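Q: Okay, so here is entry-v9.cif, and as you'll see once you scroll down, it has mmCIF, C-alpha atoms and all ligand atoms.
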```cif
data_my_file
loop_
_atom_site.label_atom_id
_atom_site.label_comp_id
_atom_site.auth_asym_id
_atom_site.auth_seq_id
_atom_site.Cartn_x
_atom_site.Cartn_y
_atom_site.Cartn_z
CA MET A 1 57.91 99.59 72.14
CA LEU A 2 60.33 102.44 72.76
CA ALA A 3 59.52 102.35 76.49
CA GLY A 4 60.37 98.64 76.59
CA TYR A 5 63.67 99.29 74.88
CA LEU A 6 64.55 102.00 77.42
CA VAL A 7 63.76 99.66 80.30
CA VAL A 8 66.19 97.12 78.87
CA LEU A 9 68.89 99.76 78.54
CA LEU A 10 68.38 100.95 82.09
CA ALA A 11 68.49 97.41 83.43
CA GLN A 12 71.77 96.85 81.62
CA SER A 13 73.32 100.03 82.93
CA THR A 14 72.92 98.92 86.54
CA MET A 15 74.73 95.63 85.99
CA ILE A 16 78.40 95.24 86.86
CA SER A 17 80.16 96.56 83.83
CA ALA A 18 82.55 94.48 81.81
CA GLN A 19 86.24 94.64 82.54
CA GLY A 20 87.78 97.65 80.87
CA PRO A 21 90.39 100.34 81.41
CA LEU A 22 90.40 102.02 84.79
CA GLY A 23 88.52 105.31 84.63
CA SER A 24 89.05 108.70 86.26
CA PHE A 25 86.68 110.23 88.77
CA ASN A 26 86.08 113.53 90.44
CA ILE A 27 88.35 112.99 93.45
CA GLU A 28 89.40 115.57 96.02
CA PRO A 29 93.22 115.30 95.81
CA SER A 30 93.73 115.74 99.56
CA SER A 31 91.29 112.89 100.31
CA ILE A 32 93.48 109.99 99.18
CA SER A 33 94.42 107.35 101.77
CA VAL A 34 95.51 103.72 101.94
CA SER A 35 95.14 100.78 104.27
CA GLY A 36 96.01 97.11 104.05
CA PHE A 37 96.33 93.84 105.88
CA SER A 38 99.54 91.83 106.39
CA SER A 39 101.64 92.12 103.19
CA GLY A 40 99.06 94.73 102.17
CA GLY A 41 99.71 96.39 105.55
CA PHE A 42 103.46 96.52 104.94
CA MET A 43 102.61 97.92 101.49
CA ALA A 44 100.27 100.53 102.98
CA ALA A 45 103.08 101.79 105.24
CA GLN A 46 105.52 101.83 102.32
CA LEU A 47 103.11 103.82 100.18
CA GLY A 48 102.07 106.14 102.98
CA ILE A 49 105.71 107.02 103.69
CA ALA A 50 107.34 106.91 100.23
CA TYR A 51 104.39 108.66 98.54
CA SER A 52 103.24 110.86 101.39
CA SER A 53 102.53 113.73 98.96
CA LEU A 54 99.90 111.54 97.30
CA PHE A 55 98.34 109.83 100.33
CA GLN A 56 97.50 113.05 102.12
CA SER A 57 94.72 111.53 104.20
CA GLY A 58 97.12 109.09 105.79
CA PHE A 59 97.39 105.32 106.07
CA GLY A 60 96.23 102.34 108.07
CA VAL A 61 98.10 99.12 108.78
CA PHE A 62 96.42 95.90 109.94
CA ALA A 63 98.97 93.31 111.06
CA GLY A 64 101.90 94.91 109.25
CA GLY A 65 105.44 95.86 110.18
CA PRO A 66 108.08 98.56 109.90
CA TYR A 67 108.84 100.42 106.70
CA ASP A 68 112.02 99.03 105.15
CA CYS A 69 112.10 96.21 107.70
CA ALA A 70 113.24 93.50 105.28
CA ARG A 71 116.10 95.35 103.59
CA ASP A 72 118.94 94.76 105.99
CA GLN A 73 117.86 91.36 107.29
CA ASP A 74 119.57 88.09 106.49
CA ASN A 75 116.03 86.70 106.17
CA PHE A 76 112.83 88.71 105.65
CA GLN A 77 111.14 86.33 108.09
CA ASN A 78 112.98 88.23 110.83
CA CYS A 79 110.15 90.74 110.27
CA MET A 80 107.42 88.17 110.87
CA PHE A 81 105.95 85.98 113.61
CA ASN A 82 106.79 87.40 117.01
CA ALA A 83 110.34 88.40 116.21
CA THR A 84 111.93 91.69 117.22
CA PRO A 85 113.95 92.80 114.20
CA MET A 86 116.49 95.56 114.53
CA ILE A 87 114.75 98.89 113.95
CA THR A 88 117.61 101.40 114.06
CA GLN A 89 118.67 100.83 110.44
CA PRO A 90 115.11 101.08 109.03
CA ILE A 91 114.68 104.37 110.95
CA ALA A 92 118.02 105.64 109.64
CA ASN A 93 117.01 104.61 106.12
CA VAL A 94 113.74 106.57 106.28
CA LYS A 95 115.80 109.62 107.23
CA SER A 96 118.36 109.18 104.48
CA PHE A 97 115.75 108.37 101.79
CA GLY A 98 113.85 111.47 102.83
CA ALA A 99 117.01 113.56 102.80
CA ASP A 100 118.16 112.41 99.35
CA GLY A 101 114.69 112.77 97.84
CA SER A 102 114.22 109.11 96.96
CA ILE A 103 110.93 109.26 98.89
CA ASP A 104 108.57 112.19 99.43
CA PRO A 105 109.54 114.80 102.07
CA LEU A 106 109.36 113.47 105.61
CA THR A 107 107.86 116.74 106.80
CA ASN A 108 104.60 115.55 105.20
CA LEU A 109 104.42 112.86 107.86
CA LEU A 110 104.13 115.30 110.73
CA ASP A 111 100.48 115.90 109.95
CA ARG A 112 99.59 112.42 108.70
CA ARG A 113 97.02 110.39 110.51
CA VAL A 114 98.02 106.77 110.96
CA TYR A 115 95.97 103.84 112.21
CA LEU A 116 97.63 100.62 113.40
CA GLN A 117 95.97 97.41 114.47
CA ALA A 118 97.40 94.12 115.75
CA GLY A 119 95.95 90.96 117.23
CA ALA A 120 97.48 89.68 120.47
CA LEU A 121 97.08 86.08 119.23
CA ASP A 122 98.60 86.81 115.81
CA ASP A 123 101.49 84.41 115.24
CA VAL A 124 102.09 85.40 111.58
CA ILE A 125 102.77 89.13 111.92
CA GLY A 126 102.75 89.43 115.69
CA LEU A 127 102.19 92.32 118.04
CA SER A 128 105.96 92.78 118.46
CA ILE A 129 106.27 93.54 114.74
CA THR A 130 103.51 96.15 114.64
CA ASN A 131 104.95 97.62 117.85
CA LEU A 132 108.17 98.32 115.99
CA LEU A 133 106.32 100.04 113.18
CA HIS A 134 104.67 102.21 115.83
CA LEU A 135 108.05 103.03 117.33
CA GLN A 136 109.44 103.87 113.90
CA LEU A 137 106.49 106.11 112.97
CA LEU A 138 106.75 108.08 116.20
CA GLN A 139 110.10 109.37 114.92
CA PHE A 140 108.34 111.11 112.04
CA THR A 141 104.74 111.78 113.08
CA LYS A 142 103.00 113.59 115.91
CA ALA A 143 102.09 111.04 118.55
CA GLU A 144 98.49 112.28 118.74
CA ASN A 145 98.01 111.50 115.03
CA VAL A 146 98.80 107.82 115.47
CA VAL A 147 96.39 105.34 117.00
CA PHE A 148 97.40 101.76 117.78
CA VAL A 149 94.61 99.30 118.47
CA THR A 150 95.35 95.83 119.81
CA LEU A 151 92.67 93.20 119.97
CA ALA A 152 93.23 90.71 122.79
CA ASP A 153 91.33 87.83 121.19
CA ALA A 154 92.41 88.28 117.59
CA GLY A 155 94.68 86.13 115.44
CA HIS A 156 96.09 87.00 112.04
CA ALA A 157 92.97 88.27 110.27
CA MET A 158 91.35 91.46 109.08
CA PRO A 159 88.81 92.07 111.85
CA THR A 160 85.14 92.76 111.11
CA ASP A 161 81.96 92.89 113.16
CA GLN A 162 79.97 90.89 110.63
CA ASP A 163 79.04 88.03 112.95
CA SER A 164 76.77 85.55 111.21
CA LYS A 165 76.26 87.85 108.22
CA VAL A 166 79.04 86.49 106.03
CA GLU A 167 79.77 82.80 105.42
CA GLY A 168 83.37 81.72 105.30
CA PHE A 169 85.17 84.12 107.63
CA SER A 170 87.75 82.72 110.04
CA PRO A 171 87.08 82.69 113.81
CA CYS A 172 88.50 85.76 115.55
CA ASN A 173 91.23 83.92 117.44
CA GLU A 174 92.51 81.89 114.46
CA SER A 175 95.15 82.69 111.85
CA ILE A 176 93.68 80.81 108.90
CA SER A 177 92.30 81.50 105.42
CA PRO A 178 90.55 83.69 104.39
CA TYR A 179 92.26 85.83 107.09
CA ILE A 180 89.10 87.91 107.53
CA SER A 181 87.34 87.29 110.80
CA ASN A 182 84.34 87.99 112.94
CA CYS A 183 85.88 89.79 115.90
CA GLY A 184 83.10 92.13 116.93
CA TYR A 185 85.35 94.93 115.71
CA ASP A 186 84.76 96.85 112.49
CA GLY A 187 88.35 97.30 111.30
CA ALA A 188 87.47 99.01 108.03
CA GLY A 189 85.20 101.47 109.83
CA ALA A 190 87.82 102.12 112.50
CA VAL A 191 90.56 102.96 110.03
CA LEU A 192 88.32 105.13 107.84
CA LYS A 193 86.95 107.04 110.83
CA TRP A 194 90.46 107.66 112.16
CA LEU A 195 91.72 108.89 108.78
CA TYR A 196 88.71 111.03 107.84
CA GLY A 197 87.18 112.09 111.13
CA ASN A 198 83.41 112.12 111.34
CA LEU A 199 81.77 109.91 108.75
CA ASN A 200 78.13 109.24 108.04
CA GLU A 201 76.87 105.96 109.45
CA ARG A 202 77.56 103.04 107.10
CA ASN A 203 75.12 101.27 104.86
CA ASP A 204 73.53 98.18 106.44
CA LEU A 205 74.51 96.22 103.40
CA ILE A 206 78.12 95.33 104.14
CA GLU A 207 79.01 94.82 100.46
CA GLY A 208 77.50 98.19 99.61
CA SER A 209 74.93 99.06 96.97
CA GLY A 210 77.22 100.69 94.43
CA SER A 211 79.13 98.82 91.75
CA LEU A 212 82.19 96.64 92.14
CA THR A 213 83.80 96.89 88.76
CA PRO A 214 86.76 94.94 87.36
CA PHE A 215 89.50 96.86 85.55
CA LEU A 216 92.61 95.96 83.60
CA GLN A 217 95.87 96.04 85.56
CA THR A 218 97.90 96.10 82.39
CA GLY A 219 100.39 98.48 80.77
CA PRO A 220 101.46 101.12 83.28
CA LEU A 221 99.03 99.62 85.81
CA GLY A 222 100.64 96.17 85.60
CA ALA A 223 103.66 94.54 87.21
CA PRO A 224 104.97 91.02 87.79
CA GLY A 225 103.06 89.47 90.68
CA LEU A 226 99.98 91.58 89.96
CA ALA A 227 96.86 90.02 88.40
CA ASP A 228 95.47 91.21 85.07
CA THR A 229 92.31 92.33 86.83
CA GLY A 230 91.78 94.68 89.78
CA TYR A 231 88.50 95.94 91.26
CA ILE A 232 87.07 99.33 92.06
CA TYR A 233 84.06 100.01 94.25
CA ILE A 234 82.05 103.02 93.07
CA PRO A 235 79.11 104.29 95.11
CA GLU A 236 76.25 105.81 93.19
CA THR A 237 77.26 109.30 94.31
CA CYS A 238 80.69 109.16 92.67
CA GLN A 239 80.56 109.73 88.97
CA ARG A 240 83.07 109.41 86.27
CA ARG A 241 85.02 112.54 85.52
CA HIS A 242 84.39 112.42 81.80
CA GLN A 243 80.74 111.54 81.94
CA GLN A 244 80.17 114.77 83.85
CA GLN A 245 82.17 116.80 81.43
CA HIS A 246 80.44 115.36 78.38
CA HIS A 247 76.91 115.69 79.71
CA ALA A 248 74.95 118.19 77.69
CA ALA A 249 73.12 120.75 79.79
CA PRO A 250 69.71 119.31 80.62
CA HIS A 251 67.06 120.72 78.33
CA THR A 252 63.44 121.21 79.29
CA ASP A 253 60.35 121.08 77.16
CA ASP A 254 58.98 123.87 79.26
CA GLY A 255 58.92 126.83 76.88
CA HIS A 256 58.15 129.35 79.61
CA PHE A 257 61.31 129.06 81.61
CA PRO A 258 64.11 128.00 79.30
CA ARG A 259 67.40 127.38 81.01
CA PRO A 260 70.07 129.89 80.03
CA ARG A 261 72.36 127.95 77.69
CA SER A 262 75.52 129.29 79.22
CA ARG A 263 74.81 127.91 82.67
CA SER A 264 76.36 124.50 83.17
CA PRO A 265 75.05 122.15 85.87
CA PRO A 266 76.67 122.59 89.27
CA PRO A 267 79.80 120.46 89.57
CA PRO A 268 79.10 117.29 91.55
CA ARG A 269 80.72 116.95 94.95
CA PRO A 270 84.19 115.48 94.69
CA CYS A 271 84.61 112.03 96.20
CA LYS A 272 87.25 110.60 98.51
CA LEU A 273 89.55 107.77 97.41
CA HIS A 274 90.70 104.92 99.63
CA LEU A 275 93.11 102.21 98.48
CA ALA A 276 92.51 98.85 100.22
CA LEU A 277 95.23 96.20 99.97
CA HIS A 278 94.59 92.53 100.68
CA GLY A 279 97.11 90.19 102.31
CA CYS A 280 98.87 87.15 100.83
CA THR A 281 96.46 84.48 99.51
CA MET A 282 93.59 86.95 99.85
CA ASN A 283 93.31 87.87 96.19
CA VAL A 284 90.07 87.26 94.29
CA GLN A 285 91.63 84.25 92.55
CA THR A 286 92.02 82.61 95.98
CA ILE A 287 89.12 83.79 98.18
CA GLY A 288 86.64 85.20 95.66
CA ASP A 289 84.96 88.44 96.72
CA LEU A 290 85.43 88.02 100.49
CA PHE A 291 87.92 90.86 100.76
CA ILE A 292 86.72 93.20 98.02
CA ALA A 293 83.03 92.92 98.98
CA HIS A 294 82.94 91.87 102.63
CA ALA A 295 85.93 93.29 104.52
CA GLY A 296 83.69 96.22 105.44
CA TYR A 297 85.02 99.15 103.40
CA ASN A 298 82.20 99.39 100.86
CA ALA A 299 79.45 99.99 103.40
CA TRP A 300 81.28 103.10 104.63
CA ALA A 301 82.18 104.20 101.10
CA ASP A 302 78.50 104.11 100.14
CA THR A 303 77.38 106.73 102.62
CA ASN A 304 80.48 108.92 102.51
CA ASP A 305 81.13 109.69 98.82
CA MET A 306 84.16 107.41 98.77
CA ILE A 307 85.63 105.24 96.04
CA VAL A 308 87.59 102.17 97.14
CA LEU A 309 90.31 100.78 94.91
CA TYR A 310 91.26 97.10 95.30
CA PRO A 311 94.42 96.20 93.35
CA GLN A 312 94.96 92.46 92.99
CA THR A 313 98.03 90.25 93.17
CA THR A 314 98.54 86.90 91.47
CA THR A 315 100.60 83.80 92.15
CA ASP A 316 104.01 84.21 90.57
CA ASN A 317 106.09 81.03 90.47
CA GLU A 318 109.13 82.62 88.92
CA THR A 319 111.99 83.20 91.32
CA TYR A 320 113.44 86.68 91.89
CA ASP A 321 116.26 88.13 93.90
CA THR A 322 115.00 89.73 97.07
CA TRP A 323 116.90 91.54 99.81
CA SER A 324 117.38 88.14 101.45
CA GLY A 325 117.58 85.36 98.89
CA HIS A 326 116.08 84.17 95.66
CA ILE A 327 112.37 83.27 95.96
CA ALA A 328 109.05 83.08 94.13
CA ASN A 329 105.80 84.81 95.11
CA GLU A 330 103.68 81.69 95.38
CA ASN A 331 101.33 83.24 97.94
CA ALA A 332 100.48 86.25 95.80
CA CYS A 333 101.80 88.81 98.28
CA PHE A 334 102.26 92.52 97.77
CA ASP A 335 106.00 93.09 97.73
CA TRP A 336 107.66 94.30 100.90
CA ILE A 337 110.83 92.21 100.57
CA GLY A 338 112.53 93.82 97.59
CA GLN A 339 111.31 91.12 95.22
CA TYR A 340 110.19 93.37 92.37
CA GLY A 341 112.66 96.22 92.64
CA ASP A 342 113.44 98.40 95.62
CA SER A 343 110.09 97.98 97.33
CA ASP A 344 110.43 100.98 99.65
CA ARG A 345 111.44 103.64 97.16
CA ARG A 346 109.76 105.46 94.34
CA LEU A 347 110.22 104.62 90.69
CA ASP A 348 112.49 107.55 89.98
CA SER A 349 115.03 106.04 92.36
CA GLY A 350 114.56 102.46 91.24
CA GLY A 351 111.47 101.91 93.37
CA GLY A 352 109.44 98.73 93.57
CA GLU A 353 107.26 97.68 90.66
CA HIS A 354 104.22 97.04 92.86
CA MET A 355 104.33 100.53 94.33
CA ARG A 356 104.82 102.02 90.89
CA ALA A 357 101.81 100.21 89.40
CA ILE A 358 99.55 100.91 92.40
CA VAL A 359 100.45 104.60 92.43
CA ALA A 360 99.68 104.74 88.70
CA MET A 361 96.22 103.27 89.47
CA VAL A 362 95.58 105.82 92.21
CA ARG A 363 96.67 108.69 89.98
CA ARG A 364 94.47 107.41 87.18
CA VAL A 365 91.38 107.17 89.39
CA ALA A 366 92.05 110.60 90.87
CA GLY A 367 92.45 112.11 87.40
CA LEU A 368 95.99 113.18 88.24
CA ASP A 369 97.21 111.65 85.05
CA GLU A 370 95.03 112.76 82.16
CA GLU A 371 97.15 111.31 79.43
CA ALA A 372 97.31 107.81 80.87
CA GLN A 373 93.58 107.94 81.41
CA SER A 374 92.90 108.66 77.76
CA GLY A 375 94.73 105.41 76.98
CA LYS A 376 97.65 107.17 75.31
CA GLY A 377 100.01 106.85 78.27
CA LYS A 378 103.09 104.73 77.75
CA ASP A 379 105.39 103.50 80.40
CA ASP A 380 107.49 106.35 81.77
CA GLU A 381 110.75 104.49 81.43
CA GLU A 382 109.98 103.65 77.83
CA ARG A 383 109.34 107.30 77.05
CA LEU A 384 112.55 108.34 78.67
CA ARG A 385 114.48 105.77 76.73
CA ALA A 386 112.88 106.91 73.49
CA TRP A 387 113.94 110.48 74.23
CA GLY A 388 117.38 109.45 75.41
CA ARG A 389 116.87 111.21 78.74
CA SER A 390 117.28 110.23 82.33
CA TRP A 391 115.15 110.84 85.39
CA ASP A 392 117.85 113.13 86.79
CA GLU A 393 117.70 115.26 83.69
CA LEU A 394 113.91 115.27 83.76
CA GLU A 395 113.93 116.50 87.31
CA THR A 396 116.52 119.20 86.79
CA ARG A 397 114.45 120.45 83.85
CA GLN A 398 111.43 121.13 85.98
CA PRO A 399 110.77 124.85 85.61
CA THR A 400 109.74 125.45 89.22
CA PRO A 401 112.38 124.83 91.85
CA GLN A 402 111.22 122.91 94.89
CA PRO A 403 109.99 124.76 97.91
CA GLN A 404 107.01 122.36 97.64
CA PRO A 405 106.94 118.60 98.11
CA ARG A 406 108.04 116.79 95.00
CA MET A 407 105.24 114.94 93.30
CA PRO A 408 105.52 111.29 92.33
CA VAL A 409 106.08 110.23 88.74
CA SER A 410 103.95 112.46 86.59
CA TYR A 411 103.15 112.67 82.92
CA LYS A 412 102.84 116.39 83.47
CA TRP A 413 106.62 116.55 83.81
CA TRP A 414 106.77 114.96 80.45
CA HIS A 415 104.70 117.71 78.89
CA MET A 416 107.11 120.27 80.31
CA ILE A 417 110.11 118.89 78.46
CA VAL A 418 108.41 118.26 75.14
CA PRO A 419 109.64 121.09 72.91
C1 LIG B 1 90.00 79.50 119.20
O1 LIG B 1 88.90 79.36 120.06
C2 LIG B 1 88.28 78.08 119.96
C3 LIG B 1 87.01 78.10 120.79
O2 LIG B 1 87.24 78.64 122.04
C4 LIG B 1 89.28 77.00 120.40
O3 LIG B 1 88.71 75.72 120.29
C5 LIG B 1 90.51 77.10 119.51
O4 LIG B 1 91.49 76.19 119.95
C6 LIG B 1 91.08 78.52 119.53
N1 LIG B 1 92.16 78.61 118.55
C7 LIG B 1 93.32 79.16 118.82
C8 LIG B 1 94.31 79.22 117.70
O5 LIG B 1 93.62 79.61 119.92
C1 LIG B 2 102.51 77.71 90.76
O1 LIG B 2 102.89 76.50 91.34
C2 LIG B 2 101.86 75.83 92.05
C3 LIG B 2 102.43 74.62 92.77
O2 LIG B 2 103.77 74.43 92.53
C4 LIG B 2 100.78 75.44 91.07
O3 LIG B 2 99.72 74.80 91.74
C5 LIG B 2 100.24 76.70 90.39
O4 LIG B 2 99.31 76.35 89.40
C6 LIG B 2 101.38 77.48 89.74
N1 LIG B 2 100.84 78.75 89.32
C7 LIG B 2 101.11 79.30 88.15
C8 LIG B 2 100.46 80.61 87.87
O5 LIG B 2 101.85 78.79 87.35
#
```
For this file, produce the structure as structure tokens.

A:
Amino acid sequence: MLAGYLVVLLAQSTMISAQGPLGSFNIEPSSISVSGFSSGGFMAAQLGIAYSSLFQSGFGVFAGGPYDCARDQDNFQNCMFNATPMITQPIANVKSFGADGSIDPLTNLLDRRVYLQAGALDDVIGLSITNLLHLQLLQFTKAENVVFVTLADAGHAMPTDQDSKVEGFSPCNESISPYISNCGYDGAGAVLKWLYGNLNERNDLIEGSGSLTPFLQTGPLGAPGLADTGYIYIPETCQRRHQQQHHAAPHTDDGHFPRPRSRSPPPPRPCKLHLALHGCTMNVQTIGDLFIAHAGYNAWADTNDMIVLYPQTTTDNETYDTWSGHIANENACFDWIGQYGDSDRRLDSGGGEHMRAIVAMVRRVAGLDEEAQSGKGKDDEERLRAWGRSWDELETRQPTPQPQPRMPVSYKWWHMIVP
């Protein structure tokens, strides 16, 4: 009877858990990285540059373009297709944003590893666009840390080597939905290996054997144009931070060799964290689990103690001012055109809402934000308003002056100013 009951409980615990708040895990802080495709690729470059103190393991861009490309254009589409947008102003802007502290220190970028990939047949975000990102990055990184892979036969799609294993991918040379293709090239593996160095061989099961769990992208983790639900891939080896802490020491029935009570179990190995950003019309609402389960990341995560975070966009038919005109986000793109705030800068300088929400997710997963994780966190701006204080004031009140890189928005700052 009891045994049967336990079996039922065990069976339930291996199912995909219900959607709930995003949890915190035991993450090595220096192991955080990001990659993305198309609008997610532009976003990956934005995050990797603006929040370089957080994404210490670097970033990867599939079919994306220069940081800050869209700001000074009369039309953001100058940064698409096979155009050659002006790059001098975006380079100058990186320098001035770095100098005035509205993004993390540019010196971080010297040691960052960066992976770039473009398809020679891509007519949506063409080779010329990714070339300009490469040119821009070489101003701030060491050339040997940046790899740029071009695939001769590839269109606009996240490349995989999953020939015949997954139904519904686009042919390698095409630029059509779902924008994930069979190209005989494992893009996810290539970017992860470049960012992390030697990795264990991936799991044969491309979707992985851990759990793909939905979480709420609400409150500080929400923003216009983001869905209510995001997904997180958790391999069996990566446990929740608080489960470990709350585990009682294992007891034995063996009276001869009792465990000393004071000895706690050895801390589990910390895991890595990779943020994977889909392109426009590649959200779960549009293409189901093709990106979050089949783009190739999870198989590598499984065998390398790595959590993969998959934030999700949603169609947003409301129109917003962007850097070049008033438009809606009908294709559910991550924002690289200044649609939801200043999409290249951090929150404390009026940064983009998508970056703010995504960074809050990353910080939550990495346990860098204990208060938000306990569910008590309120929106930073709201707190500041309630206290009648400004970001400038908050920053000048930091007790330690800044020989170190400034950290992104942190609830820990808040604790410092609470009397
Ligand atoms: C892709 O390749 C197929 C087969 O060779 C061909 O029929 C098709 O026209 C190609 N598509 C593009 C966009 O080049
Ligand atoms: C946005 O508009 C499109 C077409 O105009 C429509 O099909 C879609 O349902 C709308 N989406 C939302 C979330 O309102």

Q: Could you work out how far atom CA of Pro311 of chain A lies from atom CA of Pro21 of chain A, giving the answer in Å with one decimal?

A: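 Result for atom CA of Pro21 of chain A versus atom CA of Pro311 of chain A: 13.3 Å, one decimal.
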
Q: Quick one: residues within 9 Å of ligand LIG 2 (chain B), with only C-alpha atoms and all ligand atoms, as a ChimeraX atom specification?

A: /A:314-318,329-330

Q: For Phe76 of chain A, find every residue with an atom within 10 Å (counting all atoms listed in the file), except residues of its own chain fewer than 2 positions away, and show them as a list in words.

A: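 Skipping anything fewer than 2 positions along the chain leaves Cys69, Ala70, Arg71, Asp72, Gln73, Asp74, Asn78, Cys79, Met80, Pro85, Thr322, Trp323, Ser324, Gly325, Trp336, Ile337 and Gly338 of chain A.
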
Q: Please tabulate, as JSON lines, the residues of chain A that come within 12 Å of ligand LIG 1 (chain B), each with its closest pair of atoms and the distance in Å to one decimal, counting all atoms listed in the file and ordering rows by chain, then residue number upward.

A:
```
{"residue": "A:Gly119", "atom": "CA", "partner": "B:LIG1", "partner_atom": "C8", "distance": 11.9}
{"residue": "A:Ala120", "atom": "CA", "partner": "B:LIG1", "partner_atom": "O5", "distance": 10.8}
{"residue": "A:Leu121", "atom": "CA", "partner": "B:LIG1", "partner_atom": "O5", "distance": 7.4}
{"residue": "A:Asp122", "atom": "CA", "partner": "B:LIG1", "partner_atom": "C8", "distance": 8.9}
{"residue": "A:Asp123", "atom": "CA", "partner": "B:LIG1", "partner_atom": "C8", "distance": 9.2}
{"residue": "A:Val124", "atom": "CA", "partner": "B:LIG1", "partner_atom": "C8", "distance": 11.7}
{"residue": "A:Ala152", "atom": "CA", "partner": "B:LIG1", "partner_atom": "O5", "distance": 11.5}
{"residue": "A:Asp153", "atom": "CA", "partner": "B:LIG1", "partner_atom": "O5", "distance": 8.6}
{"residue": "A:Ala154", "atom": "CA", "partner": "B:LIG1", "partner_atom": "O5", "distance": 9.1}
{"residue": "A:Gly155", "atom": "CA", "partner": "B:LIG1", "partner_atom": "C8", "distance": 7.3}
{"residue": "A:His156", "atom": "CA", "partner": "B:LIG1", "partner_atom": "C8", "distance": 9.8}
{"residue": "A:Ala157", "atom": "CA", "partner": "B:LIG1", "partner_atom": "C8", "distance": 11.8}
{"residue": "A:Ser170", "atom": "CA", "partner": "B:LIG1", "partner_atom": "C1", "distance": 10.0}
{"residue": "A:Pro171", "atom": "CA", "partner": "B:LIG1", "partner_atom": "C1", "distance": 6.9}
{"residue": "A:Cys172", "atom": "CA", "partner": "B:LIG1", "partner_atom": "C1", "distance": 7.4}
{"residue": "A:Asn173", "atom": "CA", "partner": "B:LIG1", "partner_atom": "C1", "distance": 4.9}
{"residue": "A:Glu174", "atom": "CA", "partner": "B:LIG1", "partner_atom": "C8", "distance": 4.6}
{"residue": "A:Ser175", "atom": "CA", "partner": "B:LIG1", "partner_atom": "C8", "distance": 6.9}
{"residue": "A:Ile176", "atom": "CA", "partner": "B:LIG1", "partner_atom": "C8", "distance": 9.0}
{"residue": "A:Ser181", "atom": "CA", "partner": "B:LIG1", "partner_atom": "C1", "distance": 11.8}
{"residue": "A:Asn182", "atom": "CA", "partner": "B:LIG1", "partner_atom": "C1", "distance": 12.0}
{"residue": "A:Cys183", "atom": "CA", "partner": "B:LIG1", "partner_atom": "C1", "distance": 11.6}
```

Q: In Å, rounded to a single decimal, give me how far atom CA of Ile358 of chain A is from atom CA of Arg240 of chain A.

A: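 These two atoms are separated by 19.5 Å.
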
Q: Given the choices A:Arg356, A:Arg363, A:Arg202, A:His134, which gets closest to Ala188 of chain A if the distance is worked out from all atoms listed in the file?

A: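 Smallest distance to Ala188 of chain A is found for A:Arg202.
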
Q: Figure out the distance between atom CA of Gln117 of chain A and atom CA of Asn82 of chain A, please, to one decimal in Å.

A: 15.0 Å

Q: If I wrap all listed atoms of segment 50-66 of chain A in a box with edges along x, y and z and add 3 Å on each side, what are its centre and edge lengths in Å to one decimal, as JSON?

A:
```
{"center_x": 101.4, "center_y": 103.5, "center_z": 104.2, "size_x": 19.4, "size_y": 26.4, "size_z": 19.8}
```

Q: List the spatial neighbours of Arg269 of chain A as a count of residues only - criterion: any atom at most 9 Å away, all atoms listed in the file, same-chain residues fewer than 3 positions off excluded.

A: 7

Q: Nearest residue to Tyr340 of chain A out of A:Ala223, A:Ile180, A:Ala301, A:Leu116, using all atoms listed in the file?

A: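 Answer, going by the shortest atom-to-atom distance: A:Ala223.
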
Q: For Ser96 of chain A, which residue among A:Ser31, A:Arg345, A:Leu212, A:Gly64 is the nearest when counting all atoms listed in the file?

A: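 So, comparing all the options, the nearest one is A:Arg345.
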
Q: Looking at all atoms listed in the file, which of A:Lys142, A:Arg113, A:His294, A:Lys272 is the one that sits closest to Ile307 of chain A?

A: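 Residue with the minimum atom-to-atom distance to Ile307 of chain A: A:Lys272.
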
Q: Which residue gives the smallest distance to Tyr179 of chain A among A:Ser209, A:Ala143, A:Phe37, A:Ala299, with only C-alpha atoms counted?

A: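 Using only C-alpha atoms, the shortest distance to Tyr179 of chain A belongs to A:Phe37.
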
Q: Please work out which residues fall within 12 Å of (104.6, 97.3, 97.2), coordinates as given in the file, with only C-alpha atoms counting, and return them as JSON, numbers by chain.

A: {"A": [36, 38, 39, 40, 41, 42, 43, 44, 45, 46, 47, 48, 49, 50, 51, 67, 68, 223, 224, 225, 226, 277, 278, 279, 311, 312, 313, 332, 333, 334, 335, 336, 337, 338, 339, 340, 341, 342, 343, 344, 345, 346, 347, 351, 352, 353, 354, 355, 356, 357, 358, 359]}

Q: When you count all atoms listed in the file, which of these residues is closest to Gly367 of chain A: A:Gly58, A:Gly101, A:Glu167, A:Pro270?

A: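 Ranking A:Gly58, A:Gly101, A:Glu167, A:Pro270 by distance to Gly367 of chain A, first place goes to A:Pro270.
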
Q: Excluding same-chain residues fewer than 6 positions from Val149 of chain A, what lies within 12 Å of it counting all atoms listed in the file, as a PyMOL selection string?

A: chain A and resi 60-63+114-120+127+130-131+134+159+185-187+190-191+194

Q: Which residues are near Leu199 of chain A? Cut-off 9 Å, all atoms listed in the file, ignore same chain within fewer than 5 positions. Put them as a ChimeraX atom specification.

A: /A:192-193,300,303-304
